[in-house]
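Report on one structure; see the data block that follows.
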Amino acid sequence: MRVFKTYFLILNRYKGTVFLYFAVFLSLALIMAKVNGADTEKAFEQERLDVAIVNEDRGSFGEDVKEYFGSYNDITTMEYDEEKIANALYWKRLDYVLVIPDGFSKELENGKLTDLSCVRVPGYFDSVYFESELQMYLQKLQLLVQNGYTLQEAQKELMKLQEQETKVTLASFVNEKQGDINTHFFLYVPYLFIAVGVAGIGLVLLRLNGREVKERTECGALPMRSRVGGMVAAIAVFGILLYVLVLVIDVILSKGSILQDMRLPWFLLNMFAMLLFGMSLGFFAGMVAKNVDAMNAIVNVVSLVLCFLGGIFVPREWFAGSIGKIAKLVPTYWYVVNNEEIGQMTKATSAFVKNMLIQSGIVIAYAVVFFAVTLVIISARRKRTA
Amino acid sequence: MVVKIENLVKRYGDLIAVDHFNLAIEEGEIFGLLGPNGSGKSTTINCLLSLLEYDKGTIEIFGEEMKPTSYHLKKNIGIIMQNVAVFEELTVYENIDYFCGLYIKNKQERKQLVEEAIAFVGLQDFRKFYPKKLSGGLLRRLNIACGIAHKPKLIILDEPTVAVDPQSRNKILEGIQELNRQGATIIYTTHYMEEVEQICTRIAIMDKGKNLALGTTDELKAMIDLGETISLEVLEITDDVMDAIRTLPHVIQVSYEKHLLKVKFSKGKHNLLRLLDLMRDKEVAFGNVHSELPTLNDVFLEITGKQLRD
């Protein structure tokens, strides 16, 4: 109980650091779960541009353009004033200014297409896109007029086409299930387990294993078995608390739906493997770090590198070639792969179960390796000091 | 016998840190282990506490062989190391409670012992302070409190006064004597001979891992030829006078540096009178005159040929 109690007393002094990492995790997870976990259809929205029309024409074309493009752009009319236009474009109040010359409608009614002038910011992609849309609209209008439609009829036909909504399916790495809030929330858990695991375990072990304190403790009458037992128990309780906390947050976030979700046991398994890895990393860092500053550096570098490479902060599909191959060497990669597969899962097929066990096994193997390496370091140090 | 060390040998590769070291400490002693830095004092203490494995020899504490797993023996040992060994993250009270808890399981008993230790080292006003907020002297006192809270029968202090201000040093030394009066046997290692002379009942002089001399302060001083050192402030002195001084009875060594004439005599009577008579006869003017009895440093110098603080 001595070491157990002291572990949490020391941890209490580092609660600020631990809370900071926890807050980063929670902010990331909540924001990303909300953003990415939203309905994928809503996730696509056409870009709206601010377009102004300088209508010097006396025909209907200006109104037609306004009607046609107004459904997905903000269109206003203005007088031609070079300075005003330049200012509006410079300060991004406008993206595009279309100038319709006098007699344009009449020319168009005769099937002729005269050039329209425009003012836009050079190289601005969205305005180029708008111009291309405008050209397409004009060509369609001209085609219809040339085929016997009046300008008003042609406009009506194009408006009908316009109303037919194009269904946009985003080319995504995930399917519907994967887009749910649980999958996105659990995606960020490695950051918490690595950062808080290393900070919460490493910082305390750093103190408990400080040379002077350790010597004094070894001179004490408390058997080593009790000391190690107390430390292991404290680390285990810390890990369990972290694990339960994550689960509670997800239960709140999913409004309890995760508890009825058939994927829950697999999420739990995946998280458990990552928790073991985070704890073993904390154990390792607690033994190799020389001081608190070094420990904080380890926490930041390791957690960020592993989360980036593993595909937590950026989609792992972004990593191609050699970086992609390197990414496979980090345990977070396999956690993310598992998380995606769990997200897609509708039935626990034997192939799924096999994949889960192998991939979780890889993460646990990393944990075992770090744990074993740390034990070797401890043993080597004992021999050196003996 | 509280501590018995026989033929202790500890090697670090080719370096022999402790070389066939023997020691026996009786109950109730304040035993001083005196030696320069690197003489093997701390290594001996670490072997004694089973913090280090040793190559040869036997160590017994309270009549039993000391092993790393001798927890029943460790229960009666208190240790105050050279470096302050406390948790920066725990308060004064929590630190003492933690280390006391390594020996005392009963919470109530421990609480009382912790309070007594705090009172003993005079940290009542600092019980909720974190170590970083304590001055060097207070920190040393906390270090001591952590080592003695469980009321051990044997207390080992390894250079506890290094880098401590004179006031705190006196407080620490008085505390050690008080602990001894309360029944604890003390082993005190230091390279400050004044401290050893002040508090120790018996002293072992160590160098290069060997026990060079053992005894009380007087016994150690009796082991050397030096009886006294007389110093005179002299503005100028000729070689003839220096030679005449060397012919005086019991003179061991004569030196003159920075207007200070130092004459070392072996044990004998009337050394000062004879020297002053000679100075008057040779018409040498002199100022202040000092006579010093041999110190442990002189003992050390004569035994090893070097200063204690080399």
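Simple scheme: letters A, B, ... for chains in structure tokens order, numbers from 1 for residues in each chain, numbers from 1 for ligands in the order shown.
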What's the 12 Å shell around Lys111 in chain B, counting only C-alpha atoms, without same-chain residues fewer than 5 positions away, as a PyMOL selection string? chain B and resi 93-94+96-101+104-106+116-118+149-150
The selected residues should be written to file as a short mmCIF file (atom, residue, chain, number, x, y, z; two decimals), in the first residue's frame (atoms: N, CA, C and O atoms).
data_model
loop_
_atom_site.label_atom_id
_atom_site.label_comp_id
_atom_site.auth_asym_id
_atom_site.auth_seq_id
_atom_site.Cartn_x
_atom_site.Cartn_y
_atom_site.Cartn_z
N TYR B 93 5.65 16.35 5.38
CA TYR B 93 4.94 15.31 6.15
C TYR B 93 4.83 14.02 5.33
O TYR B 93 5.12 12.93 5.80
N GLU B 94 4.41 14.18 4.06
CA GLU B 94 4.20 12.99 3.22
C GLU B 94 5.51 12.23 2.98
O GLU B 94 5.52 11.00 2.95
N ILE B 96 8.17 12.09 5.05
CA ILE B 96 8.55 11.36 6.27
C ILE B 96 7.60 10.17 6.45
O ILE B 96 8.04 9.07 6.80
N ASP B 97 6.33 10.39 6.17
CA ASP B 97 5.34 9.32 6.31
C ASP B 97 5.66 8.17 5.35
O ASP B 97 5.55 7.00 5.71
N TYR B 98 6.07 8.50 4.12
CA TYR B 98 6.39 7.45 3.16
C TYR B 98 7.55 6.59 3.66
O TYR B 98 7.46 5.36 3.70
N PHE B 99 8.64 7.26 4.05
CA PHE B 99 9.83 6.50 4.44
C PHE B 99 9.62 5.78 5.77
O PHE B 99 10.13 4.67 5.96
N CYS B 100 8.87 6.40 6.65
CA CYS B 100 8.55 5.72 7.91
C CYS B 100 7.67 4.50 7.63
O CYS B 100 7.80 3.45 8.27
N GLY B 101 6.81 4.64 6.62
CA GLY B 101 5.92 3.54 6.25
C GLY B 101 6.65 2.34 5.69
O GLY B 101 6.07 1.26 5.58
N ILE B 104 7.12 0.90 9.39
CA ILE B 104 5.98 0.83 10.33
C ILE B 104 4.67 0.74 9.56
O ILE B 104 4.34 1.66 8.81
N LYS B 105 3.97 -0.35 9.77
CA LYS B 105 2.71 -0.53 9.01
C LYS B 105 1.53 0.16 9.71
O LYS B 105 0.65 0.70 9.04
N ASN B 106 1.55 0.14 11.04
CA ASN B 106 0.42 0.70 11.79
C ASN B 106 0.30 2.21 11.57
O ASN B 106 1.24 2.96 11.85
N GLU B 116 6.79 13.07 15.81
CA GLU B 116 7.99 13.15 16.67
C GLU B 116 9.23 13.51 15.85
O GLU B 116 10.06 14.31 16.28
N ALA B 117 9.33 12.89 14.66
CA ALA B 117 10.49 13.17 13.80
C ALA B 117 10.48 14.62 13.34
O ALA B 117 11.53 15.28 13.30
N ILE B 118 9.29 15.12 13.00
CA ILE B 118 9.18 16.51 12.56
C ILE B 118 9.62 17.45 13.70
O ILE B 118 10.37 18.40 13.48
N ALA B 149 12.73 8.49 11.53
CA ALA B 149 11.35 8.55 12.04
C ALA B 149 10.91 7.24 12.69
O ALA B 149 10.13 7.25 13.65
N HIS B 150 11.40 6.12 12.17
CA HIS B 150 10.95 4.82 12.69
C HIS B 150 11.74 4.39 13.93
O HIS B 150 11.63 3.25 14.36
#
Give one line per residue of chain A that approaches chain B to at most 10 Å, naming the two atoms of the closest pair and their distance in Å to one decimal, counting only C-alpha atoms; sort by chain then ascending residue number and deliver it as JSON lines.
{"residue": "A:Met1", "atom": "CA", "partner": "B:Gly101", "partner_atom": "CA", "distance": 9.3}
{"residue": "A:Arg2", "atom": "CA", "partner": "B:Gly101", "partner_atom": "CA", "distance": 6.4}
{"residue": "A:Val3", "atom": "CA", "partner": "B:Tyr98", "partner_atom": "CA", "distance": 8.2}
{"residue": "A:Lys5", "atom": "CA", "partner": "B:Tyr98", "partner_atom": "CA", "distance": 9.0}
{"residue": "A:Thr6", "atom": "CA", "partner": "B:Tyr98", "partner_atom": "CA", "distance": 7.2}
{"residue": "A:Leu9", "atom": "CA", "partner": "B:Leu90", "partner_atom": "CA", "distance": 7.1}
{"residue": "A:Ile10", "atom": "CA", "partner": "B:Glu89", "partner_atom": "CA", "distance": 5.5}
{"residue": "A:Leu11", "atom": "CA", "partner": "B:Glu89", "partner_atom": "CA", "distance": 8.5}
{"residue": "A:Asn12", "atom": "CA", "partner": "B:Glu89", "partner_atom": "CA", "distance": 8.6}
{"residue": "A:Arg13", "atom": "CA", "partner": "B:Glu89", "partner_atom": "CA", "distance": 6.0}
{"residue": "A:Tyr14", "atom": "CA", "partner": "B:Glu89", "partner_atom": "CA", "distance": 8.5}
{"residue": "A:Val204", "atom": "CA", "partner": "B:Glu89", "partner_atom": "CA", "distance": 9.4}
{"residue": "A:Arg207", "atom": "CA", "partner": "B:Phe87", "partner_atom": "CA", "distance": 6.9}
{"residue": "A:Leu208", "atom": "CA", "partner": "B:Phe87", "partner_atom": "CA", "distance": 8.0}
{"residue": "A:Gly210", "atom": "CA", "partner": "B:Ala85", "partner_atom": "CA", "distance": 8.6}
{"residue": "A:Arg211", "atom": "CA", "partner": "B:Ala85", "partner_atom": "CA", "distance": 8.2}
{"residue": "A:Glu212", "atom": "CA", "partner": "B:Ala85", "partner_atom": "CA", "distance": 4.7}
{"residue": "A:Val213", "atom": "CA", "partner": "B:Ala85", "partner_atom": "CA", "distance": 4.8}
{"residue": "A:Lys214", "atom": "CA", "partner": "B:Ala85", "partner_atom": "CA", "distance": 8.3}
{"residue": "A:Glu215", "atom": "CA", "partner": "B:Leu51", "partner_atom": "CA", "distance": 7.1}
{"residue": "A:Arg216", "atom": "CA", "partner": "B:Ala85", "partner_atom": "CA", "distance": 6.9}
{"residue": "A:Thr217", "atom": "CA", "partner": "B:Phe99", "partner_atom": "CA", "distance": 7.2}
{"residue": "A:Glu218", "atom": "CA", "partner": "B:Leu51", "partner_atom": "CA", "distance": 7.4}
{"residue": "A:Cys219", "atom": "CA", "partner": "B:Lys74", "partner_atom": "CA", "distance": 6.5}
{"residue": "A:Gly220", "atom": "CA", "partner": "B:Leu102", "partner_atom": "CA", "distance": 5.4}
{"residue": "A:Ala221", "atom": "CA", "partner": "B:Tyr71", "partner_atom": "CA", "distance": 4.6}
{"residue": "A:Leu222", "atom": "CA", "partner": "B:Leu102", "partner_atom": "CA", "distance": 5.1}
{"residue": "A:Pro223", "atom": "CA", "partner": "B:Tyr71", "partner_atom": "CA", "distance": 6.8}
{"residue": "A:Met224", "atom": "CA", "partner": "B:Thr69", "partner_atom": "CA", "distance": 8.4}
{"residue": "A:Arg227", "atom": "CA", "partner": "B:Leu102", "partner_atom": "CA", "distance": 9.3}
{"residue": "A:Arg382", "atom": "CA", "partner": "B:Leu52", "partner_atom": "CA", "distance": 9.4}
{"residue": "A:Lys383", "atom": "CA", "partner": "B:Glu53", "partner_atom": "CA", "distance": 9.4}
{"residue": "A:Arg384", "atom": "CA", "partner": "B:Tyr12", "partner_atom": "CA", "distance": 9.7}
{"residue": "A:Thr385", "atom": "CA", "partner": "B:Leu52", "partner_atom": "CA", "distance": 7.1}
{"residue": "A:Ala386", "atom": "CA", "partner": "B:Leu52", "partner_atom": "CA", "distance": 5.0}
Based on the selection just made, write N, CA, C and O atoms of those residues as a short mmCIF file (atom, residue, chain, number, x, y, z; two decimals), in the first residue's frame.
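Listing of part29.cif after writing:
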data_model
loop_
_atom_site.label_atom_id
_atom_site.label_comp_id
_atom_site.auth_asym_id
_atom_site.auth_seq_id
_atom_site.Cartn_x
_atom_site.Cartn_y
_atom_site.Cartn_z
N MET A 1 0.82 -1.22 0.00
CA MET A 1 0.00 0.00 0.00
C MET A 1 0.86 1.27 0.00
O MET A 1 0.45 2.31 -0.46
N ARG A 2 2.08 1.14 0.59
CA ARG A 2 2.96 2.30 0.67
C ARG A 2 3.24 2.87 -0.71
O ARG A 2 3.00 4.02 -1.01
N VAL A 3 3.76 1.99 -1.58
CA VAL A 3 4.14 2.42 -2.92
C VAL A 3 2.89 2.78 -3.72
O VAL A 3 2.88 3.77 -4.46
N LYS A 5 0.00 3.97 -2.63
CA LYS A 5 -0.51 5.28 -2.22
C LYS A 5 0.41 6.41 -2.72
O LYS A 5 -0.05 7.44 -3.21
N THR A 6 1.71 6.16 -2.58
CA THR A 6 2.67 7.19 -2.99
C THR A 6 2.60 7.44 -4.50
O THR A 6 2.77 8.57 -4.95
N LEU A 9 -0.06 9.82 -4.95
CA LEU A 9 0.30 11.13 -4.39
C LEU A 9 1.20 11.89 -5.36
O LEU A 9 1.03 13.08 -5.59
N ILE A 10 2.16 11.15 -5.94
CA ILE A 10 3.07 11.79 -6.91
C ILE A 10 2.29 12.16 -8.17
O ILE A 10 2.44 13.25 -8.71
N LEU A 11 1.45 11.23 -8.60
CA LEU A 11 0.65 11.48 -9.81
C LEU A 11 -0.20 12.74 -9.64
O LEU A 11 -0.38 13.52 -10.57
N ASN A 12 -0.68 12.92 -8.43
CA ASN A 12 -1.50 14.09 -8.13
C ASN A 12 -0.76 15.39 -8.42
O ASN A 12 -1.34 16.38 -8.86
N ARG A 13 0.57 15.36 -8.19
CA ARG A 13 1.36 16.56 -8.45
C ARG A 13 1.52 16.81 -9.95
O ARG A 13 1.85 17.89 -10.38
N TYR A 14 1.33 15.75 -10.74
CA TYR A 14 1.45 15.90 -12.20
C TYR A 14 0.08 15.94 -12.87
O TYR A 14 -0.02 15.71 -14.07
N VAL A 204 5.90 9.23 -12.76
CA VAL A 204 5.91 8.70 -11.39
C VAL A 204 7.06 7.70 -11.21
O VAL A 204 7.77 7.74 -10.19
N ARG A 207 10.37 9.23 -10.61
CA ARG A 207 10.58 9.65 -9.23
C ARG A 207 10.83 8.46 -8.31
O ARG A 207 11.75 8.48 -7.50
N LEU A 208 10.00 7.45 -8.47
CA LEU A 208 10.16 6.28 -7.58
C LEU A 208 11.50 5.59 -7.82
O LEU A 208 12.04 4.94 -6.93
N GLY A 210 14.26 7.22 -8.85
CA GLY A 210 15.39 8.15 -8.69
C GLY A 210 16.43 7.49 -7.79
O GLY A 210 16.08 6.82 -6.82
N ARG A 211 17.70 7.65 -8.10
CA ARG A 211 18.75 6.88 -7.44
C ARG A 211 18.70 6.97 -5.92
O ARG A 211 18.69 5.95 -5.22
N GLU A 212 18.64 8.20 -5.41
CA GLU A 212 18.70 8.38 -3.96
C GLU A 212 17.48 7.78 -3.26
O GLU A 212 17.61 7.06 -2.28
N VAL A 213 16.32 8.09 -3.82
CA VAL A 213 15.07 7.58 -3.21
C VAL A 213 15.05 6.06 -3.28
O VAL A 213 14.65 5.38 -2.32
N LYS A 214 15.49 5.53 -4.40
CA LYS A 214 15.47 4.07 -4.58
C LYS A 214 16.38 3.39 -3.57
O LYS A 214 16.03 2.37 -2.97
N GLU A 215 17.57 3.99 -3.37
CA GLU A 215 18.51 3.41 -2.41
C GLU A 215 17.90 3.41 -1.01
O GLU A 215 17.98 2.42 -0.28
N ARG A 216 17.30 4.54 -0.66
CA ARG A 216 16.70 4.64 0.67
C ARG A 216 15.55 3.64 0.82
O ARG A 216 15.39 3.02 1.86
N THR A 217 14.79 3.51 -0.24
CA THR A 217 13.67 2.57 -0.20
C THR A 217 14.19 1.15 -0.06
O THR A 217 13.63 0.33 0.67
N GLU A 218 15.27 0.84 -0.78
CA GLU A 218 15.84 -0.51 -0.69
C GLU A 218 16.42 -0.80 0.68
O GLU A 218 16.54 -1.96 1.08
N CYS A 219 16.79 0.25 1.39
CA CYS A 219 17.29 0.05 2.75
C CYS A 219 16.15 -0.21 3.73
O CYS A 219 16.37 -0.61 4.86
N GLY A 220 14.94 0.07 3.27
CA GLY A 220 13.78 -0.09 4.15
C GLY A 220 13.42 -1.55 4.38
O GLY A 220 13.96 -2.45 3.73
N ALA A 221 12.49 -1.73 5.29
CA ALA A 221 12.11 -3.09 5.67
C ALA A 221 10.94 -3.63 4.85
O ALA A 221 10.40 -4.67 5.16
N LEU A 222 10.56 -2.87 3.82
CA LEU A 222 9.46 -3.33 2.98
C LEU A 222 10.02 -4.24 1.89
O LEU A 222 10.84 -3.80 1.09
N PRO A 223 9.61 -5.52 1.88
CA PRO A 223 10.17 -6.46 0.89
C PRO A 223 9.95 -5.98 -0.54
O PRO A 223 8.95 -5.32 -0.84
N MET A 224 10.91 -6.34 -1.37
CA MET A 224 10.85 -5.93 -2.77
C MET A 224 9.55 -6.39 -3.42
O MET A 224 8.95 -5.67 -4.23
N ARG A 227 6.93 -3.95 -2.71
CA ARG A 227 7.15 -2.70 -3.44
C ARG A 227 6.74 -2.85 -4.90
O ARG A 227 6.01 -2.02 -5.44
N ARG A 382 21.24 -2.98 -12.57
CA ARG A 382 21.51 -3.63 -11.28
C ARG A 382 22.90 -4.25 -11.28
O ARG A 382 23.65 -4.13 -10.33
N LYS A 383 23.24 -4.88 -12.41
CA LYS A 383 24.56 -5.52 -12.50
C LYS A 383 25.66 -4.46 -12.47
O LYS A 383 26.71 -4.65 -11.88
N ARG A 384 25.39 -3.32 -13.14
CA ARG A 384 26.40 -2.28 -13.21
C ARG A 384 26.65 -1.65 -11.84
O ARG A 384 27.79 -1.35 -11.48
N THR A 385 25.59 -1.48 -11.07
CA THR A 385 25.76 -0.85 -9.76
C THR A 385 26.28 -1.84 -8.72
O THR A 385 26.80 -1.45 -7.69
N ALA A 386 26.11 -3.14 -8.98
CA ALA A 386 26.53 -4.14 -8.00
C ALA A 386 28.04 -4.22 -7.88
O ALA A 386 28.76 -3.94 -8.79
#
Selection near Val3 in chain B, 8 Å with only C-alpha atoms, sequence-local residues under 6 positions removed, as a ChimeraX atom specification: /B:23-26,59-63
Would you write out those residues with all heavy atoms, as a tab-separated table (two decimals), in the first residue's frame?
chain	number	residue	atom	x	y	z
B	23	LEU	N	36.03	-4.10	10.97
B	23	LEU	CA	35.41	-3.11	11.84
B	23	LEU	C	34.47	-3.80	12.83
B	23	LEU	O	33.79	-4.76	12.48
B	23	LEU	CB	34.60	-2.13	10.98
B	23	LEU	CG	34.11	-0.86	11.66
B	23	LEU	CD1	35.28	0.05	12.00
B	23	LEU	CD2	33.17	-0.11	10.71
B	24	ALA	N	34.49	-3.31	14.05
B	24	ALA	CA	33.52	-3.81	15.04
B	24	ALA	C	32.98	-2.61	15.81
B	24	ALA	O	33.74	-1.80	16.33
B	24	ALA	CB	34.21	-4.79	15.98
B	25	ILE	N	31.67	-2.49	15.85
B	25	ILE	CA	31.05	-1.34	16.53
B	25	ILE	C	30.13	-1.85	17.64
B	25	ILE	O	29.28	-2.72	17.41
B	25	ILE	CB	30.26	-0.47	15.53
B	25	ILE	CG1	31.21	0.06	14.44
B	25	ILE	CG2	29.57	0.69	16.23
B	25	ILE	CD1	30.53	0.74	13.27
B	26	GLU	N	30.36	-1.31	18.81
B	26	GLU	CA	29.56	-1.73	19.97
B	26	GLU	C	28.29	-0.90	20.08
B	26	GLU	O	28.22	0.21	19.56
B	26	GLU	CB	30.39	-1.55	21.25
B	26	GLU	CG	31.66	-2.38	21.33
B	26	GLU	CD	31.41	-3.86	21.52
B	26	GLU	OE1	30.28	-4.24	21.92
B	26	GLU	OE2	32.33	-4.65	21.25
B	59	ILE	N	29.64	-9.56	6.71
B	59	ILE	CA	29.07	-8.40	7.41
B	59	ILE	C	27.95	-8.90	8.31
B	59	ILE	O	27.03	-9.59	7.85
B	59	ILE	CB	28.52	-7.36	6.40
B	59	ILE	CG1	29.66	-6.77	5.58
B	59	ILE	CG2	27.77	-6.25	7.12
B	59	ILE	CD1	29.23	-5.84	4.46
B	60	GLU	N	28.07	-8.58	9.56
B	60	GLU	CA	27.01	-8.95	10.51
B	60	GLU	C	26.45	-7.69	11.16
B	60	GLU	O	27.19	-6.79	11.53
B	60	GLU	CB	27.57	-9.86	11.61
B	60	GLU	CG	27.82	-11.28	11.13
B	60	GLU	CD	28.33	-12.17	12.25
B	60	GLU	OE1	28.27	-11.76	13.43
B	60	GLU	OE2	28.81	-13.27	11.95
B	61	ILE	N	25.12	-7.66	11.28
B	61	ILE	CA	24.47	-6.56	12.00
B	61	ILE	C	23.58	-7.19	13.07
B	61	ILE	O	22.83	-8.15	12.79
B	61	ILE	CB	23.65	-5.68	11.03
B	61	ILE	CG1	24.61	-4.98	10.05
B	61	ILE	CG2	22.83	-4.64	11.79
B	61	ILE	CD1	23.96	-4.05	9.06
B	62	PHE	N	23.68	-6.69	14.25
B	62	PHE	CA	22.96	-7.27	15.42
B	62	PHE	C	23.21	-8.78	15.52
B	62	PHE	O	22.30	-9.56	15.84
B	62	PHE	CB	21.45	-6.99	15.32
B	62	PHE	CG	21.11	-5.53	15.21
B	62	PHE	CD1	20.41	-5.04	14.12
B	62	PHE	CD2	21.48	-4.62	16.20
B	62	PHE	CE1	20.10	-3.69	14.01
B	62	PHE	CE2	21.16	-3.27	16.10
B	62	PHE	CZ	20.47	-2.81	15.00
B	63	GLY	N	24.42	-9.19	15.18
B	63	GLY	CA	24.81	-10.59	15.33
B	63	GLY	C	24.33	-11.51	14.22
B	63	GLY	O	24.54	-12.72	14.28
Just the residues within 12 Å of range 311-326 of chain A, please, counting only C-alpha atoms, with nothing from its chain fewer than 4 positions along; format it as a ChimeraX atom specification. /A:25,28-29,32,36,172-174,183-192,303-307,330-340
Test item: residues at most 9 Å from Val99 in chain A, only C-alpha atoms, excluding those fewer than 5 positions along its chain, as a PyMOL selection string: chain A and resi 52-56+80+116-119
Please save C-alpha atoms of the selected residues as a PDB file, in the first residue's frame.
ATOM      1  CA  ALA A  52     -21.658  40.433 -58.954  1.00  0.00           C
ATOM      2  CA  ILE A  53     -23.315  41.169 -62.266  1.00  0.00           C
ATOM      3  CA  VAL A  54     -22.837  44.461 -64.069  1.00  0.00           C
ATOM      4  CA  ASN A  55     -25.794  44.376 -66.383  1.00  0.00           C
ATOM      5  CA  GLU A  56     -25.502  46.855 -69.264  1.00  0.00           C
ATOM      6  CA  TYR A  80     -19.594  49.334 -63.342  1.00  0.00           C
ATOM      7  CA  LEU A 116     -18.653  38.374 -72.002  1.00  0.00           C
ATOM      8  CA  SER A 117     -16.123  40.325 -70.058  1.00  0.00           C
ATOM      9  CA  CYS A 118     -15.335  39.582 -66.472  1.00  0.00           C
ATOM     10  CA  VAL A 119     -13.186  40.812 -63.632  1.00  0.00           C
TER      11      VAL A 119
END
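Of the residues in range 8-38 of chain B, those that DSSP places in strand (DSSP E or B) on the basis of the backbone are Leu8, Val9, Lys10, Arg11, Tyr12, Leu15, Ile16, Ala17, Val18, Asp19, His20, Phe21, Asn22, Leu23, Ala24, Ile25, Ile30, Phe31, Gly32, Leu33 and Leu34 of chain B.
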Need the shell around range 185-188 of chain B: protein/DNA/RNA residues with any atom at most 10 Å away, counting only C-alpha atoms. Skip same-chain ones fewer than 3 positions apart. Format as a ChimeraX atom specification? /B:2-3,25-34,41,45,77-80,152-160,176-177,179-182,195-196,199-203
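The interatomic distance for the pair CA of Glu133 in chain A and CA of Met159 in chain A works out to 13.9 Å.
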Please, which residues of range 1-202 of chain B, numbered as in this document, come out alpha helix (DSSP H) from DSSP, as an MDAnalysis selection string? chainID B and resid 41:48 71:74 92:101 107:121 136:148 166:181 193:199
Interatomic distance, CA of Asn110 in chain A to CA of Arg58 in chain A (Å, one decimal): 15.3 Å
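Distances here use only C-alpha atoms; by that measure, the residue among B:Ile230, B:Val241, B:Ile224, B:Val114 closest to Glu302 in chain B is B:Ile224.
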Distance query Tyr124 in chain A at most 12 Å, only C-alpha atoms, self and fewer than 4 positions along chain excluded, as a PyMOL selection string: chain A and resi 49+89-90+92+94-96+119-120+128-131
Store the residues picked out above in a file with N, CA and C atoms, as a PDB file, in the first residue's frame.
ATOM      1  N   LEU A  49     -20.082  31.057 -54.190  1.00  0.00           N
ATOM      2  CA  LEU A  49     -19.208  32.188 -54.533  1.00  0.00           C
ATOM      3  C   LEU A  49     -20.006  33.493 -54.479  1.00  0.00           C
ATOM      4  N   LEU A  89     -12.882  42.835 -54.921  1.00  0.00           N
ATOM      5  CA  LEU A  89     -12.123  41.605 -55.212  1.00  0.00           C
ATOM      6  C   LEU A  89     -10.921  41.467 -54.273  1.00  0.00           C
ATOM      7  N   TYR A  90     -10.268  42.614 -54.040  1.00  0.00           N
ATOM      8  CA  TYR A  90      -9.077  42.577 -53.181  1.00  0.00           C
ATOM      9  C   TYR A  90      -9.423  42.125 -51.757  1.00  0.00           C
ATOM     10  N   LYS A  92     -11.890  40.387 -50.911  1.00  0.00           N
ATOM     11  CA  LYS A  92     -12.612  39.101 -50.997  1.00  0.00           C
ATOM     12  C   LYS A  92     -14.109  39.242 -50.668  1.00  0.00           C
ATOM     13  N   LEU A  94     -16.036  39.941 -53.111  1.00  0.00           N
ATOM     14  CA  LEU A  94     -16.529  39.335 -54.344  1.00  0.00           C
ATOM     15  C   LEU A  94     -15.498  38.356 -54.878  1.00  0.00           C
ATOM     16  N   ASP A  95     -15.996  37.290 -55.508  1.00  0.00           N
ATOM     17  CA  ASP A  95     -15.078  36.344 -56.125  1.00  0.00           C
ATOM     18  C   ASP A  95     -15.011  36.561 -57.645  1.00  0.00           C
ATOM     19  N   TYR A  96     -16.080  37.098 -58.175  1.00  0.00           N
ATOM     20  CA  TYR A  96     -16.167  37.191 -59.643  1.00  0.00           C
ATOM     21  C   TYR A  96     -17.132  38.309 -60.010  1.00  0.00           C
ATOM     22  N   VAL A 119     -14.317  40.372 -64.468  1.00  0.00           N
ATOM     23  CA  VAL A 119     -13.186  40.812 -63.632  1.00  0.00           C
ATOM     24  C   VAL A 119     -13.062  39.795 -62.500  1.00  0.00           C
ATOM     25  N   ARG A 120     -11.883  39.247 -62.322  1.00  0.00           N
ATOM     26  CA  ARG A 120     -11.688  38.266 -61.258  1.00  0.00           C
ATOM     27  C   ARG A 120     -10.235  38.291 -60.778  1.00  0.00           C
ATOM     28  N   VAL A 128     -12.267  30.579 -61.625  1.00  0.00           N
ATOM     29  CA  VAL A 128     -12.038  29.866 -62.889  1.00  0.00           C
ATOM     30  C   VAL A 128     -13.138  28.826 -63.078  1.00  0.00           C
ATOM     31  N   TYR A 129     -13.461  28.154 -61.950  1.00  0.00           N
ATOM     32  CA  TYR A 129     -14.491  27.136 -61.971  1.00  0.00           C
ATOM     33  C   TYR A 129     -15.846  27.768 -62.352  1.00  0.00           C
ATOM     34  N   PHE A 130     -16.119  28.929 -61.794  1.00  0.00           N
ATOM     35  CA  PHE A 130     -17.381  29.605 -62.089  1.00  0.00           C
ATOM     36  C   PHE A 130     -17.427  29.989 -63.570  1.00  0.00           C
ATOM     37  N   GLU A 131     -16.307  30.455 -64.076  1.00  0.00           N
ATOM     38  CA  GLU A 131     -16.254  30.869 -65.470  1.00  0.00           C
ATOM     39  C   GLU A 131     -16.520  29.689 -66.398  1.00  0.00           C
TER      40      GLU A 131
END
